[in-house]
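**Student:** My structure is below; once you've seen it, I'll send some questions.
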Amino acid sequence: MLIPNKNIVIKRLEKTGSKWLSDFRKFSDDDIIMKSHEKEWCLAELYDHVMRVARTYQIPNFRKALNGGEKKRPKNIPGYVVFNINYLPERKIKMEDFPSNIVTDFTPVIRGKEELIVDFTELLVGVMRVINETDHHKLRKKKHNHPFFGYISALEWIALVEIHLRHHEQQRQRIMNHLNI
């Protein structure tokens, strides 16, 4: 299944983002900082992480794609699987495998519940606004290289915000199960 247009990306982001937001609202301030293990993230860190990645990596690379040329280079096989088939292989990615500057940008901090709710909401609204305001042709034709997926379009770069949420869904479920919610 191809990402046919920006409306599909928006619908996926609305659905996944709304679920994450409504679930998060159910937790207390104490719940969101509880960890099941010392080396595991708590919910506050997980939510902060996905926002950090969106703001420091996915959105800037979306802009680079828009400002770049129309690349003829394709996605690679993992890129095809994720974007064209909409399949997310289960893959544990370790932060220490990334360059130090990316680790710094992606490493979460614990913030308060209300601050995270406001920030997460602003991120979702902002991403949807950017998609709506950008010409569909540019979204599909302008590309920028991704280290795992090859040359992906601006639309695919912005779709990564929602895909990243789905990538962390099992982790989020484990944390919520630990909290018995």
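Convention: chains lettered A, B, ... in structure tokens order; per-chain residue numbering from 1; ligands numbered from 1 as shown.
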Please extract the residues of segment 38-129 of chain A with a backbone DSSP assignment of helix (DSSP H, G or I) and present them as a PyMOL selection string.

**Tutor:** chain A and resi 43-67+77-83+95-97+100-106+113-129

**Student:** Hey, which bits of segment 101-157 of chain A sit within 7 Å of segment 44-56 of chain A, and for each residue what's the closest pair of atoms and how far apart in Å (one decimal), counting only C-alpha atoms, rows by chain and increasing number, as JSON lines?

**Tutor:**
{"residue": "A:Asp105", "atom": "CA", "partner": "A:Thr56", "partner_atom": "CA", "distance": 6.5}
{"residue": "A:Phe106", "atom": "CA", "partner": "A:Val53", "partner_atom": "CA", "distance": 5.6}
{"residue": "A:Thr107", "atom": "CA", "partner": "A:His49", "partner_atom": "CA", "distance": 6.3}
{"residue": "A:Pro108", "atom": "CA", "partner": "A:His49", "partner_atom": "CA", "distance": 4.8}
{"residue": "A:Val109", "atom": "CA", "partner": "A:Glu45", "partner_atom": "CA", "distance": 5.6}
{"residue": "A:Ile110", "atom": "CA", "partner": "A:Glu45", "partner_atom": "CA", "distance": 5.3}
{"residue": "A:Arg111", "atom": "CA", "partner": "A:Ala44", "partner_atom": "CA", "distance": 6.2}
{"residue": "A:Phe120", "atom": "CA", "partner": "A:Met51", "partner_atom": "CA", "distance": 6.9}

**Student:** Would you mind listing what lies within 12 Å of Tyr80 of chain A as a JSON list (two decimals) with C-alpha atoms, in the first residue's frame, with only C-alpha atoms counted and same-chain residues fewer than 2 positions away left out?

**Tutor:**
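Produced file selection-v1.json, reproduced below:
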[["chain", "number", "residue", "atom", "x", "y", "z"],
["A", 1, "MET", "CA", 0.00, 0.00, 0.00],
["A", 2, "LEU", "CA", 1.50, 3.32, -1.06],
["A", 3, "ILE", "CA", 1.16, 6.47, 0.99],
["A", 74, "PRO", "CA", 14.81, 5.36, -4.75],
["A", 75, "LYS", "CA", 14.11, 4.15, -1.27],
["A", 76, "ASN", "CA", 15.91, 0.98, -0.33],
["A", 77, "ILE", "CA", 14.16, -2.29, 0.58],
["A", 78, "PRO", "CA", 13.56, -1.40, 4.26],
["A", 82, "VAL", "CA", 7.90, 0.65, 5.86],
["A", 83, "PHE", "CA", 6.39, 3.23, 3.50],
["A", 84, "ASN", "CA", 4.86, 1.24, 0.64],
["A", 85, "ILE", "CA", 3.66, -1.82, 2.52],
["A", 86, "ASN", "CA", 3.10, 0.03, 5.83],
["A", 87, "TYR", "CA", 4.83, -2.75, 7.75],
["A", 88, "LEU", "CA", 7.01, -2.04, 10.77],
["A", 89, "PRO", "CA", 9.44, -4.85, 11.46],
["A", 148, "PHE", "CA", 18.01, 3.37, 7.08],
["A", 149, "PHE", "CA", 15.47, 3.93, 4.27],
["A", 150, "GLY", "CA", 17.36, 5.57, 1.40],
["A", 151, "TYR", "CA", 15.94, 8.58, -0.44],
["A", 152, "ILE", "CA", 12.49, 9.24, 0.96],
["A", 153, "SER", "CA", 10.06, 11.98, 0.03],
["A", 156, "GLU", "CA", 7.54, 10.17, 4.01]]

**Student:** Enumerate, as a ChimeraX atom specification, the complete set of residues in chain A that a backbone-based DSSP assignment places in strand (DSSP E or B).

**Tutor:** /A:75,143-146,150-153

**Student:** Give me the segment 40-149 of chain A side of the contact with segment 27-31 of chain A, cut-off 9 Å, one line per residue showing its nearest atom pair and distance in Å at one decimal, counting only C-alpha atoms, sorted by chain and residue number, as a tab-separated table.

**Tutor:**
residue	atom	partner	partner_atom	distance
A:Cys42	CA	A:Asp31	CA	8.5
A:Leu43	CA	A:Asp31	CA	8.0
A:Ala44	CA	A:Asp31	CA	8.9
A:Gly112	CA	A:Asp29	CA	6.8
A:Lys113	CA	A:Asp29	CA	5.8
A:Glu114	CA	A:Asp29	CA	8.7

**Student:** Choose the residue, out of A:Tyr57, A:Val81, A:Lys143, A:Ile131, that has the smallest atom-to-atom separation from Thr104 of chain A; count only C-alpha atoms.

**Tutor:**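 Closest candidate: A:Tyr57.
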
**Student:** Expressed in Å to a single decimal, how great is the separation between atom CA of Gly68 of chain A and atom CA of Lys142 of chain A?

**Tutor:**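 It comes out at 6.4 Å.
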
**Student:** Any idea what's packed within 7 Å of Val161 of chain A, counting only C-alpha atoms, ignoring anything in its chain fewer than 3 positions away? Could you give it as a ChimeraX atom specification?

**Tutor:** /A:54,58,158,164-165

**Student:** I'd like to know which of A:Asn180, A:Asn61, A:Ser100, A:Ser22 is closest to Ala159 of chain A, using only C-alpha atoms.

**Tutor:**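 Closest residue, counting only C-alpha atoms: A:Asn61.
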